[in-house]
file start_5.cif (mmCIF, N, CA and C atoms and all ligand atoms)
data_start
loop_
_atom_site.label_atom_id
_atom_site.label_comp_id
_atom_site.auth_asym_id
_atom_site.auth_seq_id
_atom_site.Cartn_x
_atom_site.Cartn_y
_atom_site.Cartn_z
N MET A 1 16.30 12.65 12.15
CA MET A 1 15.37 11.61 12.59
C MET A 1 15.81 10.26 11.99
N ALA A 2 15.85 9.23 12.80
CA ALA A 2 16.24 7.92 12.31
C ALA A 2 15.09 7.28 11.54
N GLN A 3 15.42 6.24 10.80
CA GLN A 3 14.38 5.50 10.09
C GLN A 3 13.40 4.90 11.10
N ASN A 4 12.13 4.94 10.74
CA ASN A 4 11.11 4.55 11.70
C ASN A 4 10.07 3.71 10.96
N ARG A 5 9.92 2.45 11.40
CA ARG A 5 8.93 1.57 10.75
C ARG A 5 7.66 1.54 11.58
N ARG A 6 6.52 1.68 10.92
CA ARG A 6 5.24 1.65 11.64
C ARG A 6 4.36 0.58 10.99
N TYR A 7 3.77 -0.26 11.84
CA TYR A 7 2.87 -1.30 11.34
C TYR A 7 1.48 -1.10 11.92
N ILE A 8 0.46 -1.41 11.11
CA ILE A 8 -0.91 -1.38 11.61
C ILE A 8 -1.58 -2.72 11.27
N ILE A 9 -2.54 -3.09 12.10
CA ILE A 9 -3.22 -4.37 11.92
C ILE A 9 -4.72 -4.12 11.85
N ALA A 10 -5.41 -4.78 10.90
CA ALA A 10 -6.87 -4.69 10.81
C ALA A 10 -7.46 -5.94 11.47
N LYS A 11 -8.38 -5.74 12.40
CA LYS A 11 -9.02 -6.86 13.08
C LYS A 11 -10.54 -6.77 12.95
N SER A 12 -11.19 -7.93 12.95
CA SER A 12 -12.65 -7.94 12.97
C SER A 12 -13.12 -7.67 14.40
N ASP A 13 -14.43 -7.45 14.56
CA ASP A 13 -14.97 -7.17 15.89
C ASP A 13 -14.66 -8.29 16.88
N ASP A 14 -14.60 -9.52 16.36
CA ASP A 14 -14.31 -10.63 17.28
C ASP A 14 -12.82 -10.98 17.35
N GLY A 15 -11.97 -10.07 16.87
CA GLY A 15 -10.54 -10.21 17.12
C GLY A 15 -9.74 -10.96 16.05
N ASN A 16 -10.39 -11.41 14.97
CA ASN A 16 -9.64 -12.06 13.89
C ASN A 16 -8.76 -11.04 13.17
N ILE A 17 -7.53 -11.44 12.86
CA ILE A 17 -6.66 -10.56 12.09
C ILE A 17 -7.03 -10.67 10.61
N LEU A 18 -7.40 -9.53 10.00
CA LEU A 18 -7.84 -9.51 8.61
C LEU A 18 -6.71 -9.10 7.66
N GLY A 19 -5.76 -8.33 8.20
CA GLY A 19 -4.67 -7.87 7.35
C GLY A 19 -3.75 -6.95 8.13
N PHE A 20 -2.68 -6.54 7.45
CA PHE A 20 -1.75 -5.62 8.10
C PHE A 20 -1.09 -4.75 7.02
N ALA A 21 -0.43 -3.69 7.47
CA ALA A 21 0.25 -2.80 6.54
C ALA A 21 1.37 -2.08 7.27
N GLY A 22 2.34 -1.59 6.51
CA GLY A 22 3.44 -0.89 7.16
C GLY A 22 4.03 0.20 6.30
N ILE A 23 4.60 1.19 6.96
CA ILE A 23 5.36 2.24 6.25
C ILE A 23 6.71 2.44 6.92
N ILE A 24 7.66 2.92 6.13
CA ILE A 24 8.96 3.35 6.64
C ILE A 24 9.02 4.86 6.52
N VAL A 25 9.30 5.50 7.63
CA VAL A 25 9.44 6.96 7.63
C VAL A 25 10.92 7.29 7.73
N ASN A 26 11.45 7.90 6.70
CA ASN A 26 12.83 8.40 6.69
C ASN A 26 12.78 9.92 6.79
N PRO A 27 13.91 10.56 7.05
CA PRO A 27 13.88 12.02 7.13
C PRO A 27 13.38 12.68 5.84
N ASP A 28 13.71 12.08 4.68
CA ASP A 28 13.37 12.74 3.42
C ASP A 28 12.34 11.98 2.59
N ILE A 29 11.93 10.79 3.01
CA ILE A 29 10.97 10.03 2.21
C ILE A 29 10.18 9.08 3.12
N THR A 30 8.87 8.99 2.84
CA THR A 30 8.04 8.00 3.53
C THR A 30 7.55 7.01 2.48
N GLU A 31 7.76 5.71 2.76
CA GLU A 31 7.40 4.68 1.78
C GLU A 31 6.48 3.64 2.39
N ILE A 32 5.49 3.20 1.60
CA ILE A 32 4.68 2.06 2.01
C ILE A 32 5.50 0.80 1.79
N MET A 33 5.61 -0.03 2.84
CA MET A 33 6.35 -1.30 2.71
C MET A 33 5.45 -2.37 2.13
N ASN A 34 4.24 -2.49 2.71
CA ASN A 34 3.31 -3.52 2.23
C ASN A 34 1.91 -3.28 2.78
N ILE A 35 0.95 -3.81 2.06
CA ILE A 35 -0.43 -3.91 2.55
C ILE A 35 -0.88 -5.32 2.19
N VAL A 36 -1.28 -6.08 3.17
CA VAL A 36 -1.69 -7.47 2.91
C VAL A 36 -3.01 -7.76 3.61
N VAL A 37 -3.96 -8.28 2.85
CA VAL A 37 -5.26 -8.68 3.41
C VAL A 37 -5.40 -10.19 3.23
N ARG A 38 -5.86 -10.87 4.27
CA ARG A 38 -6.05 -12.33 4.18
C ARG A 38 -6.97 -12.65 3.02
N LYS A 39 -6.63 -13.72 2.29
CA LYS A 39 -7.33 -14.01 1.03
C LYS A 39 -8.85 -14.04 1.20
N SER A 40 -9.32 -14.67 2.27
CA SER A 40 -10.77 -14.84 2.43
C SER A 40 -11.48 -13.53 2.77
N TYR A 41 -10.72 -12.46 3.07
CA TYR A 41 -11.33 -11.18 3.43
C TYR A 41 -11.10 -10.11 2.36
N ARG A 42 -10.55 -10.51 1.21
CA ARG A 42 -10.27 -9.50 0.17
C ARG A 42 -11.55 -9.02 -0.50
N GLN A 43 -11.43 -7.86 -1.12
CA GLN A 43 -12.53 -7.20 -1.85
C GLN A 43 -13.74 -6.92 -0.96
N GLN A 44 -13.45 -6.60 0.28
CA GLN A 44 -14.50 -6.20 1.22
C GLN A 44 -14.15 -4.86 1.88
N GLY A 45 -13.15 -4.15 1.33
CA GLY A 45 -12.85 -2.83 1.84
C GLY A 45 -11.76 -2.75 2.90
N VAL A 46 -11.17 -3.91 3.25
CA VAL A 46 -10.14 -3.88 4.30
C VAL A 46 -8.86 -3.18 3.80
N GLY A 47 -8.43 -3.51 2.59
CA GLY A 47 -7.24 -2.87 2.04
C GLY A 47 -7.40 -1.36 1.95
N GLN A 48 -8.57 -0.93 1.57
CA GLN A 48 -8.86 0.51 1.49
C GLN A 48 -8.69 1.17 2.86
N LYS A 49 -9.23 0.53 3.89
CA LYS A 49 -9.14 1.11 5.24
C LYS A 49 -7.69 1.15 5.72
N LEU A 50 -6.93 0.08 5.44
CA LEU A 50 -5.52 0.07 5.84
C LEU A 50 -4.76 1.19 5.13
N LEU A 51 -5.03 1.36 3.83
CA LEU A 51 -4.32 2.40 3.08
C LEU A 51 -4.70 3.79 3.60
N GLU A 52 -5.97 4.00 3.91
CA GLU A 52 -6.38 5.31 4.45
C GLU A 52 -5.63 5.62 5.74
N GLU A 53 -5.43 4.60 6.58
CA GLU A 53 -4.72 4.82 7.84
C GLU A 53 -3.23 5.12 7.58
N LEU A 54 -2.63 4.43 6.61
CA LEU A 54 -1.23 4.72 6.27
C LEU A 54 -1.09 6.16 5.76
N ILE A 55 -2.04 6.59 4.94
CA ILE A 55 -1.99 7.97 4.41
C ILE A 55 -2.10 8.97 5.57
N ARG A 56 -2.98 8.65 6.53
CA ARG A 56 -3.14 9.53 7.70
C ARG A 56 -1.82 9.61 8.49
N LEU A 57 -1.16 8.47 8.68
CA LEU A 57 0.13 8.47 9.39
C LEU A 57 1.17 9.25 8.60
N ALA A 58 1.18 9.07 7.28
CA ALA A 58 2.18 9.74 6.44
C ALA A 58 2.00 11.25 6.49
N LYS A 59 0.74 11.70 6.55
CA LYS A 59 0.49 13.16 6.58
C LYS A 59 1.11 13.78 7.83
N LYS A 60 1.19 12.99 8.90
CA LYS A 60 1.75 13.52 10.15
C LYS A 60 3.25 13.77 10.07
N THR A 61 3.93 13.17 9.07
CA THR A 61 5.39 13.32 9.00
C THR A 61 5.79 14.71 8.56
N GLY A 62 4.86 15.43 7.92
CA GLY A 62 5.20 16.76 7.42
C GLY A 62 5.80 16.73 6.03
N LEU A 63 6.10 15.53 5.50
CA LEU A 63 6.62 15.43 4.13
C LEU A 63 5.48 15.66 3.13
N GLU A 64 5.86 15.96 1.88
CA GLU A 64 4.83 16.31 0.89
C GLU A 64 4.36 15.12 0.08
N THR A 65 5.10 14.01 0.15
CA THR A 65 4.74 12.86 -0.69
C THR A 65 4.78 11.56 0.09
N LEU A 66 4.05 10.57 -0.45
CA LEU A 66 4.10 9.20 0.04
C LEU A 66 4.43 8.33 -1.16
N ASP A 67 5.46 7.48 -1.03
CA ASP A 67 5.99 6.71 -2.16
C ASP A 67 5.78 5.21 -1.96
N LEU A 68 5.84 4.46 -3.05
CA LEU A 68 5.81 3.00 -2.93
C LEU A 68 6.30 2.37 -4.24
N GLU A 69 6.63 1.09 -4.14
CA GLU A 69 6.97 0.28 -5.31
C GLU A 69 6.04 -0.90 -5.35
N VAL A 70 5.56 -1.23 -6.52
CA VAL A 70 4.64 -2.37 -6.63
C VAL A 70 4.96 -3.14 -7.91
N ASN A 71 4.77 -4.45 -7.84
CA ASN A 71 4.98 -5.31 -9.00
C ASN A 71 4.03 -4.86 -10.13
N ALA A 72 4.57 -4.66 -11.31
CA ALA A 72 3.77 -4.15 -12.44
C ALA A 72 2.62 -5.09 -12.81
N MET A 73 2.69 -6.36 -12.38
CA MET A 73 1.62 -7.31 -12.67
C MET A 73 0.57 -7.37 -11.56
N ASN A 74 0.77 -6.61 -10.50
CA ASN A 74 -0.15 -6.66 -9.35
C ASN A 74 -1.31 -5.68 -9.54
N PHE A 75 -2.24 -6.07 -10.42
CA PHE A 75 -3.31 -5.13 -10.80
C PHE A 75 -4.23 -4.75 -9.65
N PRO A 76 -4.61 -5.68 -8.74
CA PRO A 76 -5.45 -5.25 -7.61
C PRO A 76 -4.79 -4.13 -6.80
N ALA A 77 -3.48 -4.30 -6.52
CA ALA A 77 -2.80 -3.28 -5.72
C ALA A 77 -2.68 -1.96 -6.49
N ILE A 78 -2.35 -2.04 -7.78
CA ILE A 78 -2.21 -0.81 -8.57
C ILE A 78 -3.54 -0.07 -8.63
N HIS A 79 -4.65 -0.81 -8.78
CA HIS A 79 -5.97 -0.17 -8.78
C HIS A 79 -6.24 0.51 -7.44
N LEU A 80 -5.93 -0.21 -6.37
CA LEU A 80 -6.15 0.35 -5.02
C LEU A 80 -5.38 1.67 -4.87
N TYR A 81 -4.12 1.66 -5.29
CA TYR A 81 -3.31 2.87 -5.12
C TYR A 81 -3.81 4.01 -6.04
N GLU A 82 -4.15 3.68 -7.28
CA GLU A 82 -4.62 4.74 -8.19
C GLU A 82 -5.92 5.35 -7.68
N LYS A 83 -6.78 4.49 -7.14
CA LYS A 83 -8.06 4.97 -6.61
C LYS A 83 -7.86 5.97 -5.47
N ASN A 84 -6.70 5.84 -4.80
CA ASN A 84 -6.40 6.70 -3.66
C ASN A 84 -5.41 7.81 -4.00
N GLY A 85 -5.32 8.13 -5.29
CA GLY A 85 -4.58 9.33 -5.68
C GLY A 85 -3.10 9.14 -5.93
N PHE A 86 -2.63 7.88 -5.99
CA PHE A 86 -1.22 7.65 -6.34
C PHE A 86 -1.07 7.70 -7.86
N GLU A 87 0.05 8.27 -8.31
CA GLU A 87 0.35 8.32 -9.74
C GLU A 87 1.64 7.58 -10.02
N ILE A 88 1.71 7.00 -11.22
CA ILE A 88 2.94 6.30 -11.61
C ILE A 88 4.00 7.33 -11.96
N ILE A 89 5.18 7.22 -11.29
CA ILE A 89 6.24 8.20 -11.54
C ILE A 89 7.50 7.54 -12.11
N GLY A 90 7.49 6.21 -12.22
CA GLY A 90 8.68 5.56 -12.78
C GLY A 90 8.50 4.06 -12.84
N ARG A 91 9.50 3.41 -13.40
CA ARG A 91 9.44 1.97 -13.60
C ARG A 91 10.85 1.41 -13.49
N ARG A 92 11.01 0.29 -12.78
CA ARG A 92 12.31 -0.39 -12.72
C ARG A 92 12.17 -1.71 -13.46
N SER A 93 12.99 -1.86 -14.49
CA SER A 93 12.87 -3.03 -15.35
C SER A 93 13.33 -4.30 -14.64
N LYS A 94 12.53 -5.37 -14.77
CA LYS A 94 12.87 -6.70 -14.25
C LYS A 94 13.34 -6.65 -12.80
N TYR A 95 12.62 -5.95 -11.98
CA TYR A 95 13.03 -5.71 -10.59
C TYR A 95 12.70 -6.91 -9.71
N TYR A 96 11.57 -7.57 -10.00
CA TYR A 96 11.14 -8.70 -9.16
C TYR A 96 11.57 -10.02 -9.78
N HIS A 97 12.45 -10.74 -9.09
CA HIS A 97 12.95 -12.05 -9.53
C HIS A 97 13.49 -11.97 -10.96
N ASN A 98 13.98 -10.81 -11.32
CA ASN A 98 14.54 -10.60 -12.65
C ASN A 98 13.52 -10.84 -13.77
N ILE A 99 12.22 -10.77 -13.43
CA ILE A 99 11.18 -11.01 -14.45
C ILE A 99 10.25 -9.80 -14.56
N ASN A 100 9.50 -9.52 -13.48
CA ASN A 100 8.50 -8.46 -13.55
C ASN A 100 9.08 -7.09 -13.21
N ASP A 101 8.57 -6.08 -13.89
CA ASP A 101 8.99 -4.71 -13.59
C ASP A 101 8.39 -4.25 -12.26
N ALA A 102 9.04 -3.28 -11.65
CA ALA A 102 8.46 -2.58 -10.51
C ALA A 102 7.94 -1.24 -11.00
N ILE A 103 6.76 -0.87 -10.51
CA ILE A 103 6.21 0.45 -10.81
C ILE A 103 6.42 1.32 -9.57
N LEU A 104 6.92 2.52 -9.78
CA LEU A 104 7.09 3.45 -8.67
C LEU A 104 5.90 4.39 -8.68
N MET A 105 5.25 4.52 -7.53
CA MET A 105 4.05 5.37 -7.44
C MET A 105 4.23 6.38 -6.32
N GLN A 106 3.55 7.51 -6.47
CA GLN A 106 3.67 8.58 -5.48
C GLN A 106 2.34 9.32 -5.33
N LYS A 107 2.06 9.67 -4.08
CA LYS A 107 0.87 10.50 -3.81
C LYS A 107 1.31 11.80 -3.16
N LEU A 108 0.75 12.89 -3.61
CA LEU A 108 0.98 14.18 -2.95
C LEU A 108 0.09 14.25 -1.73
N LEU A 109 0.70 14.57 -0.58
CA LEU A 109 -0.08 14.53 0.67
C LEU A 109 -0.74 15.88 0.94
C1 LIG A 201 -4.04 -5.43 -2.81
C2 LIG A 201 -4.87 -5.85 -1.59
C3 LIG A 201 -4.19 -5.35 -0.33
C4 LIG A 201 -6.28 -5.20 -1.72
O1 LIG A 201 -6.99 -5.47 -0.53
P1 LIG A 201 -8.59 -5.61 -0.50
O2 LIG A 201 -9.03 -5.63 0.93
O3 LIG A 201 -9.02 -6.75 -1.35
O4 LIG A 201 -9.03 -4.24 -1.20
P2 LIG A 201 -10.43 -3.48 -1.05
O5 LIG A 201 -11.55 -4.47 -0.92
O6 LIG A 201 -10.31 -2.45 0.03
O7 LIG A 201 -10.54 -2.77 -2.48
C5 LIG A 201 -10.16 -1.42 -2.67
C6 LIG A 201 -9.79 -1.20 -4.13
O8 LIG A 201 -8.69 -2.03 -4.49
C7 LIG A 201 -8.80 -2.41 -5.87
N1 LIG A 201 -8.92 -3.88 -5.96
C8 LIG A 201 -8.98 -4.75 -4.92
N2 LIG A 201 -9.04 -6.01 -5.37
C9 LIG A 201 -9.01 -5.93 -6.73
C10 LIG A 201 -9.00 -6.90 -7.78
N3 LIG A 201 -9.03 -8.21 -7.52
N4 LIG A 201 -8.89 -6.46 -9.06
C11 LIG A 201 -8.84 -5.14 -9.34
N5 LIG A 201 -8.86 -4.16 -8.39
C12 LIG A 201 -8.93 -4.57 -7.10
C13 LIG A 201 -10.04 -1.73 -6.40
O9 LIG A 201 -9.69 -0.46 -6.90
C14 LIG A 201 -10.86 -1.58 -5.13
O10 LIG A 201 -11.80 -0.56 -5.21
P3 LIG A 201 -13.27 -0.87 -5.83
O11 LIG A 201 -13.78 -2.06 -5.09
O12 LIG A 201 -14.01 0.39 -5.57
O13 LIG A 201 -13.02 -1.16 -7.27
C15 LIG A 201 -5.06 -7.40 -1.55
O14 LIG A 201 -5.45 -7.85 -2.83
C16 LIG A 201 -3.82 -8.18 -1.11
O15 LIG A 201 -3.60 -8.43 0.08
N6 LIG A 201 -2.99 -8.59 -2.09
C17 LIG A 201 -1.79 -9.38 -1.76
C18 LIG A 201 -0.69 -8.52 -1.17
C19 LIG A 201 -0.27 -7.42 -2.08
O16 LIG A 201 -0.04 -7.64 -3.25
N7 LIG A 201 -0.16 -6.20 -1.54
C20 LIG A 201 0.19 -5.00 -2.29
C21 LIG A 201 1.61 -4.87 -2.56
S1 LIG A 201 2.49 -4.27 -1.18
#
call {"tool": "encode", "arguments": {"input": "start_5.cif", "output": "structure tokens"}}
result
Amino acid sequence: MAQNRRYIIAKSDDGNILGFAGIIVNPDITEIMNIVVRKSYRQQGVGQKLLEELIRLAKKTGLETLDLEVNAMNFPAIHLYEKNGFEIIGRRSKYYHNINDAILMQKLL
């Protein structure tokens, strides 16, 4: 199976785009690329809904895990992932702009 990128978009009832998210499905690994919610719509549950949909898509791949990398200073995102069953499995030193570490996280599907 070739690499396959999937994007989802969150919209309000009146059609405003609130955020988007994406995953890359490879034969041996599925990774979250990003989850982004518009600033004015944050902390209202949109990120949670986007992540739930990504997890649902990932479960369909038949793989046992869902992986991601996140900036070690990105506490909102790390909280969101931990709340949804992701665990820290590694760290890459000075990965972002040669300053911040990357945290590697994984969820068992
Ligand atoms: C991370 C992000 C997607 C969260 O989206 P959101 O819509 O605000 O999240 P939700 O309202 O669904 O919150 C779900 C959980 O996320 C965590 N969270 C969200 N904002 C938080 C904050 N400012 N501080 C700490 N935890 C936070 C909490 O665990 C929260 O659950 P709780 O409300 O029960 O505590 C959003 O902050 C964002 O777009 N950030 C910029 C892009 C980014 O860094 N993306 C992640 C890396 S790919």
call {"tool": "atom_distance", "arguments": {"input": "start_5.cif", "atom1": "atom CA of A:Ala58", "atom2": "atom C of A:Tyr81"}}
result
15.0 Å
call {"tool": "closest_residue", "arguments": {"input": "start_5.cif", "among": "A:Leu104, A:Ile35, A:Ile99, A:Val25", "to": "A:Gly47", "atoms": "only N, CA and C atoms"}}
result
A:Ile35
call {"tool": "residues_near_ligand", "arguments": {"input": "start_5.cif", "ligand": "ligand LIG 201 (chain A)", "cutoff": "7 Å", "atoms": "only N, CA and C atoms and all ligand atoms", "output": "VMD selection string"}}
result
chain A and resid 32 to 39 41 to 50 69 to 71 74 to 83
call {"tool": "select_by_dssp", "arguments": {"input": "start_5.cif", "residues": "stretch 24-97 of chain A", "states": "alpha helix (DSSP H)", "output": "MDAnalysis selection string"}}
result
chainID A and resid 46:59 75:83
call {"tool": "atom_distance", "arguments": {"input": "start_5.cif", "atom1": "atom C of A:Leu54", "atom2": "atom N of A:Ser40"}}
result
22.7 Å
call {"tool": "axis_aligned_box", "arguments": {"input": "start_5.cif", "around": "stretch 74-77 of chain A", "padding_each_side": "3 Å", "output": "JSON"}}
result
{"center_x": -2.3, "center_y": -4.3, "center_z": -8.3, "size_x": 12.2, "size_y": 10.7, "size_z": 11.1}
call {"tool": "atom_distance", "arguments": {"input": "start_5.cif", "atom1": "atom CA of A:Glu31", "atom2": "atom C of A:Thr65"}}
result
7.6 Å
call {"tool": "residues_near_point", "arguments": {"input": "start_5.cif", "point": "(3.2, 4.5, -7.4)", "cutoff": "6 Å", "atoms": "only C-alpha atoms", "output": "PyMOL selection string"}}
result
chain A and resi 68+86-88+104-106
call {"tool": "residues_near_point", "arguments": {"input": "start_5.cif", "point": "(10.4, 13.6, 0.0)", "cutoff": "8 Å", "atoms": "all atoms listed in the file", "output": "list of chain:residue names"}}
result
A:Pro27, A:Asp28, A:Ile29, A:Thr30, A:Leu63, A:Glu64, A:Thr65, A:Leu66, A:Asp67
